[in-house]
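The structure appears below as C-alpha coordinates.
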Amino acid sequence: VASLDKGTSLDETLTVVNPGTTAYNFKVYATPFSVTGEDYTQNFNPIKNAENVGNWFTFSSTTYHIEPNQTLNVQYRVNAPKNALAGGHYATLFVETTNTADVNGVVIHDRLGAIAYLTVNGPVKTEGSFLTWSVPYLQRPNLTADVRIQNTGGVHFESTINATVKDIFGGTKFTYSSKHQILPQTIRKIPVVWPKTPSFGLYKISGDLTYLGNKVL
(Lines give C-alpha, C1' and ligand atoms only; values in the text may rest on other atoms or scores of the structure.)
Protein backbone atom coordinates (compact mmCIF):
# COMPACT_ATOMS: atom_id res chain seq x y z
CA VAL A 1 0.00 0.00 0.00
CA ALA A 2 1.60 3.25 -1.14
CA SER A 3 0.71 6.68 -2.50
CA LEU A 4 2.50 9.00 -4.91
CA ASP A 5 1.92 12.13 -6.97
CA LYS A 6 1.37 12.21 -10.73
CA GLY A 7 4.63 12.15 -12.66
CA THR A 8 6.69 10.94 -9.70
CA SER A 9 8.47 7.69 -8.80
CA LEU A 10 8.65 5.53 -5.73
CA ASP A 11 11.44 3.05 -4.91
CA GLU A 12 10.41 -0.13 -3.10
CA THR A 13 11.76 -3.58 -2.21
CA LEU A 14 10.24 -7.03 -2.70
CA THR A 15 11.67 -9.66 -0.33
CA VAL A 16 11.98 -13.23 -1.63
CA VAL A 17 12.72 -16.05 0.83
CA ASN A 18 13.68 -19.63 -0.04
CA PRO A 19 12.88 -21.75 3.06
CA GLY A 20 13.44 -25.01 1.21
CA THR A 21 16.43 -27.25 0.54
CA THR A 22 16.76 -26.68 -3.23
CA ALA A 23 18.21 -23.72 -5.09
CA TYR A 24 16.23 -22.32 -8.01
CA ASN A 25 16.14 -19.51 -10.57
CA PHE A 26 13.23 -17.12 -10.76
CA LYS A 27 12.00 -14.11 -12.66
CA VAL A 28 10.02 -11.10 -11.47
CA TYR A 29 7.42 -9.10 -13.36
CA ALA A 30 4.28 -7.02 -12.83
CA THR A 31 0.78 -7.37 -14.25
CA PRO A 32 -2.44 -5.37 -13.84
CA PHE A 33 -4.75 -6.54 -11.06
CA SER A 34 -8.55 -6.42 -11.04
CA VAL A 35 -11.46 -8.43 -9.70
CA THR A 36 -14.84 -9.55 -10.97
CA GLY A 37 -17.95 -10.47 -9.01
CA GLU A 38 -18.66 -10.20 -5.31
CA ASP A 39 -16.41 -13.19 -4.62
CA TYR A 40 -13.50 -11.15 -6.02
CA THR A 41 -12.35 -13.52 -8.75
CA GLN A 42 -8.85 -12.28 -9.55
CA ASN A 43 -7.75 -11.14 -12.99
CA PHE A 44 -4.14 -10.43 -14.02
CA ASN A 45 -4.74 -9.52 -17.66
CA PRO A 46 -4.97 -6.01 -19.16
CA ILE A 47 -8.49 -4.65 -19.42
CA LYS A 48 -9.49 -3.01 -22.69
CA ASN A 49 -9.40 0.81 -22.49
CA ALA A 50 -8.06 0.68 -18.92
CA GLU A 51 -4.66 1.74 -17.58
CA ASN A 52 -2.12 -1.11 -17.58
CA VAL A 53 -0.62 -0.50 -14.16
CA GLY A 54 1.85 -3.33 -14.70
CA ASN A 55 3.72 -0.97 -17.04
CA TRP A 56 4.39 1.40 -14.13
CA PHE A 57 6.92 -1.04 -12.63
CA THR A 58 10.60 -1.37 -13.51
CA PHE A 59 12.98 -3.81 -11.81
CA SER A 60 16.71 -3.51 -11.15
CA SER A 61 16.90 -7.04 -12.58
CA THR A 62 14.20 -9.41 -13.79
CA THR A 63 16.07 -12.71 -13.26
CA TYR A 64 17.62 -14.09 -10.07
CA HIS A 65 19.11 -17.18 -8.46
CA ILE A 66 18.40 -18.04 -4.85
CA GLU A 67 20.02 -20.67 -2.62
CA PRO A 68 18.32 -22.69 0.15
CA ASN A 69 17.59 -20.63 3.29
CA GLN A 70 18.60 -17.45 1.44
CA THR A 71 16.74 -14.14 1.42
CA LEU A 72 16.95 -11.78 -1.56
CA ASN A 73 15.76 -8.20 -1.82
CA VAL A 74 14.46 -7.29 -5.27
CA GLN A 75 14.60 -3.55 -5.92
CA TYR A 76 11.92 -2.00 -8.10
CA ARG A 77 10.52 1.41 -8.99
CA VAL A 78 6.94 2.56 -9.47
CA ASN A 79 6.56 5.35 -12.05
CA ALA A 80 3.21 7.17 -12.02
CA PRO A 81 2.51 8.80 -15.42
CA LYS A 82 1.94 12.53 -15.55
CA ASN A 83 -1.56 11.90 -16.89
CA ALA A 84 -2.47 9.25 -14.31
CA LEU A 85 -5.94 9.58 -12.84
CA ALA A 86 -6.20 10.39 -9.14
CA GLY A 87 -7.36 7.44 -7.06
CA GLY A 88 -6.64 3.76 -6.74
CA HIS A 89 -4.50 1.71 -9.14
CA TYR A 90 -3.64 -1.96 -8.73
CA ALA A 91 -1.00 -4.41 -9.91
CA THR A 92 0.43 -7.79 -8.95
CA LEU A 93 4.15 -8.42 -8.53
CA PHE A 94 4.92 -12.02 -9.48
CA VAL A 95 7.89 -14.20 -8.55
CA GLU A 96 7.97 -17.21 -10.91
CA THR A 97 10.43 -20.09 -10.93
CA THR A 98 12.21 -20.76 -14.22
CA ASN A 99 13.71 -24.17 -13.43
CA THR A 100 12.27 -26.86 -15.68
CA ALA A 101 10.80 -29.38 -13.25
CA ASP A 102 9.48 -32.26 -15.34
CA VAL A 103 6.73 -34.28 -13.61
CA ASN A 104 5.32 -37.07 -15.76
CA GLY A 105 6.08 -35.10 -18.89
CA VAL A 106 4.61 -31.85 -17.57
CA VAL A 107 6.84 -28.82 -16.98
CA ILE A 108 5.85 -27.07 -13.75
CA HIS A 109 6.50 -23.43 -12.90
CA ASP A 110 5.59 -22.17 -9.44
CA ARG A 111 4.70 -18.53 -8.91
CA LEU A 112 3.66 -16.32 -6.04
CA GLY A 113 2.13 -12.87 -6.28
CA ALA A 114 1.90 -9.79 -4.07
CA ILE A 115 -0.80 -7.20 -4.75
CA ALA A 116 0.31 -3.56 -4.95
CA TYR A 117 -2.39 -1.13 -3.77
CA LEU A 118 -1.39 2.28 -5.16
CA THR A 119 -3.01 5.66 -4.70
CA VAL A 120 -2.28 8.55 -7.05
CA ASN A 121 -2.78 11.69 -5.00
CA GLY A 122 -5.41 14.21 -6.04
CA PRO A 123 -9.12 14.93 -5.65
CA VAL A 124 -10.96 11.62 -5.41
CA LYS A 125 -14.14 10.45 -3.73
CA THR A 126 -13.76 8.04 -0.81
CA GLU A 127 -17.12 6.46 -0.12
CA GLY A 128 -18.59 3.12 0.79
CA SER A 129 -21.38 1.38 2.66
CA PHE A 130 -22.24 -1.76 4.60
CA LEU A 131 -24.87 -3.75 2.69
CA THR A 132 -25.76 -6.99 4.45
CA TRP A 133 -24.80 -9.40 7.23
CA SER A 134 -26.26 -12.81 6.41
CA VAL A 135 -26.33 -15.87 8.68
CA PRO A 136 -28.56 -18.76 7.50
CA TYR A 137 -30.54 -20.20 10.41
CA LEU A 138 -29.99 -23.90 9.69
CA GLN A 139 -26.49 -24.90 8.58
CA ARG A 140 -24.24 -27.89 8.26
CA PRO A 141 -20.57 -27.58 9.26
CA ASN A 142 -18.81 -25.35 8.70
CA LEU A 143 -20.87 -22.49 10.15
CA THR A 144 -20.63 -19.56 7.73
CA ALA A 145 -21.83 -15.96 7.71
CA ASP A 146 -21.43 -13.49 4.85
CA VAL A 147 -20.67 -9.77 5.07
CA ARG A 148 -21.17 -7.58 1.97
CA ILE A 149 -19.45 -4.20 1.66
CA GLN A 150 -19.72 -1.72 -1.21
CA ASN A 151 -17.12 0.80 -2.40
CA THR A 152 -18.71 3.59 -4.44
CA GLY A 153 -15.60 5.79 -4.46
CA GLY A 154 -12.45 6.03 -6.54
CA VAL A 155 -9.90 4.54 -4.14
CA HIS A 156 -9.62 1.36 -2.07
CA PHE A 157 -10.27 1.27 1.66
CA GLU A 158 -9.68 -1.29 4.41
CA SER A 159 -12.42 -2.97 6.39
CA THR A 160 -12.08 -4.92 9.64
CA ILE A 161 -14.50 -7.69 10.60
CA ASN A 162 -14.81 -9.07 14.12
CA ALA A 163 -17.18 -11.90 15.03
CA THR A 164 -17.92 -14.04 18.08
CA VAL A 165 -19.86 -17.31 18.23
CA LYS A 166 -21.47 -18.28 21.56
CA ASP A 167 -23.46 -21.31 22.66
CA ILE A 168 -26.90 -21.15 24.30
CA PHE A 169 -25.25 -20.77 27.73
CA GLY A 170 -23.27 -17.69 26.66
CA GLY A 171 -19.93 -19.46 26.43
CA THR A 172 -17.63 -18.25 23.68
CA LYS A 173 -16.91 -21.04 21.21
CA PHE A 174 -15.12 -19.17 18.41
CA THR A 175 -13.74 -15.70 17.67
CA TYR A 176 -12.86 -14.28 14.26
CA SER A 177 -11.03 -11.14 13.11
CA SER A 178 -9.81 -10.20 9.64
CA LYS A 179 -8.92 -7.20 7.47
CA HIS A 180 -9.83 -6.83 3.80
CA GLN A 181 -9.25 -4.27 1.06
CA ILE A 182 -12.37 -3.11 -0.81
CA LEU A 183 -11.61 -1.94 -4.37
CA PRO A 184 -13.33 1.04 -6.04
CA GLN A 185 -16.72 0.50 -7.66
CA THR A 186 -17.08 -3.05 -6.35
CA ILE A 187 -19.14 -5.03 -3.87
CA ARG A 188 -17.15 -7.60 -1.86
CA LYS A 189 -18.76 -10.56 -0.14
CA ILE A 190 -16.55 -11.75 2.70
CA PRO A 191 -17.25 -15.16 4.28
CA VAL A 192 -16.84 -15.51 8.05
CA VAL A 193 -16.21 -19.21 8.64
CA TRP A 194 -16.01 -21.25 11.85
CA PRO A 195 -13.88 -24.23 10.79
CA LYS A 196 -14.48 -27.66 12.30
CA THR A 197 -17.87 -26.64 13.63
CA PRO A 198 -19.46 -29.34 15.84
CA SER A 199 -21.99 -31.44 13.92
CA PHE A 200 -24.85 -30.36 16.19
CA GLY A 201 -25.56 -27.34 18.38
CA LEU A 202 -27.37 -24.05 18.82
CA TYR A 203 -25.18 -20.99 18.47
CA LYS A 204 -25.46 -17.23 18.25
CA ILE A 205 -23.07 -15.20 16.12
CA SER A 206 -22.51 -11.48 16.61
CA GLY A 207 -19.89 -9.02 15.50
CA ASP A 208 -18.96 -5.65 14.11
CA LEU A 209 -17.57 -4.13 10.94
CA THR A 210 -15.29 -1.08 10.75
CA TYR A 211 -14.66 0.88 7.54
CA LEU A 212 -13.90 4.52 6.67
CA GLY A 213 -14.21 5.52 10.32
CA ASN A 214 -17.64 3.87 10.63
CA LYS A 215 -18.44 1.01 12.99
CA VAL A 216 -21.48 -1.15 12.30
CA LEU A 217 -22.73 -3.58 14.98
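As shown in the C-alpha coordinates, the chain order sets the letters A, B, ...; within each chain, residues go from 1, and ligands are also counted from 1 in the order they appear.
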- Query: Leaving out Ile115 of chain A and any residue of its chain fewer than 5 positions from it, which residues lie within 9 Å of it when counting only C-alpha atoms, given as a PyMOL selection string?
  - Reply: chain A and resi 1+33+90-94
- Test item: residues at most 6 Å from Asp208 of chain A, only C-alpha atoms, excluding those fewer than 5 positions along its chain, as a list in words: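 The contact residues come out as Asn162, Val216 and Leu217 of chain A.
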- Message: Need to verify the contact set: Asn142 of chain A, 9 Å, only C-alpha atoms, exclusion of same-chain residues closer than 3 positions in sequence. Can you return it as a PyMOL selection string?
- Response: chain A and resi 139+193-199
Please identify which residues in segment 42-209 of chain A DSSP calls helix (DSSP H, G or I) from the backbone, and express them as an mmCIF file with N, CA, C and O atoms, in the first residue's frame.
```cif
data_model
loop_
_atom_site.group_PDB
_atom_site.id
_atom_site.type_symbol
_atom_site.label_atom_id
_atom_site.label_comp_id
_atom_site.auth_asym_id
_atom_site.auth_seq_id
_atom_site.Cartn_x
_atom_site.Cartn_y
_atom_site.Cartn_z
ATOM 1 N N VAL A 53 -1.473 -0.925 -15.264
ATOM 2 C CA VAL A 53 -0.620 -0.496 -14.157
ATOM 3 C C VAL A 53 0.656 -1.335 -14.089
ATOM 4 O O VAL A 53 1.669 -0.901 -13.539
ATOM 5 N N GLY A 54 0.635 -2.528 -14.666
ATOM 6 C CA GLY A 54 1.846 -3.327 -14.699
ATOM 7 C C GLY A 54 2.994 -2.612 -15.387
ATOM 8 O O GLY A 54 4.171 -2.843 -15.064
ATOM 9 N N ASN A 55 2.681 -1.715 -16.324
ATOM 10 C CA ASN A 55 3.717 -0.973 -17.043
ATOM 11 C C ASN A 55 4.356 0.116 -16.184
ATOM 12 O O ASN A 55 5.341 0.730 -16.602
ATOM 13 N N TRP A 56 3.808 0.386 -15.020
ATOM 14 C CA TRP A 56 4.385 1.400 -14.133
ATOM 15 C C TRP A 56 5.614 0.882 -13.392
ATOM 16 O O TRP A 56 6.336 1.659 -12.780
#
```
- Query: Neighbours of Asn151 of chain A within 6 Å (only C-alpha atoms; same-chain residues fewer than 5 positions away dropped), as a list in words?
  - Reply: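 Listing them by chain and then by number gives Gly128, Pro184, Gln185 and Thr186 of chain A.
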- Message: Just the number, please: distance in Å from atom CA of Gln42 of chain A to atom CA of Phe157 of chain A, one decimal.
- Response: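 Atom-to-atom, atom CA of Gln42 of chain A to atom CA of Phe157 of chain A, that is 17.6 Å.
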- Task: May I have the residues within 8 Å of Leu4 of chain A as a list in words, using only C-alpha atoms and disregarding those fewer than 2 positions away in the same chain?
- Result: Ala2, Lys6, Thr8, Ser9, Leu10, Ala80, Leu118, Thr119, Val120 and Asn121 of chain A
- Message: Taking the DSSP secondary structure from the backbone, can you list the residues of segment 108-174 of chain A that are strand (DSSP E), as JSON, numbers by chain?
- Response: {"A": [108, 111, 112, 113, 114, 115, 116, 117, 118, 119, 120, 128, 129, 130, 131, 132, 133, 134, 143, 144, 145, 146, 147, 148, 149, 150, 151, 157, 158, 159, 160, 161, 162, 163, 164, 165, 166, 167, 172, 173, 174]}
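For the atom pair formed by atom CA of Thr210 of chain A and atom CA of Gly87 of chain A, the distance is 21.3 Å, given to one decimal.
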- Message: Just the number, please: distance in Å from atom CA of Pro141 of chain A to atom CA of Gly171 of chain A, one decimal.
- Response: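 About the pair atom CA of Pro141 of chain A and atom CA of Gly171 of chain A: they are 19.0 Å apart.
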- Query: Between A:Ser134, A:Gln150, A:Thr63, A:Asn69, which one has atoms that come closest to Lys27 of chain A, using only C-alpha atoms?
  - Reply: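 Residue with the minimum atom-to-atom distance to Lys27 of chain A: A:Thr63.
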- Neighbours of Leu183 of chain A within 10 Å (only C-alpha atoms; same-chain residues fewer than 4 positions away dropped), as a ChimeraX atom specification? /A:34-35,40,88-90,117,150-158,187-188
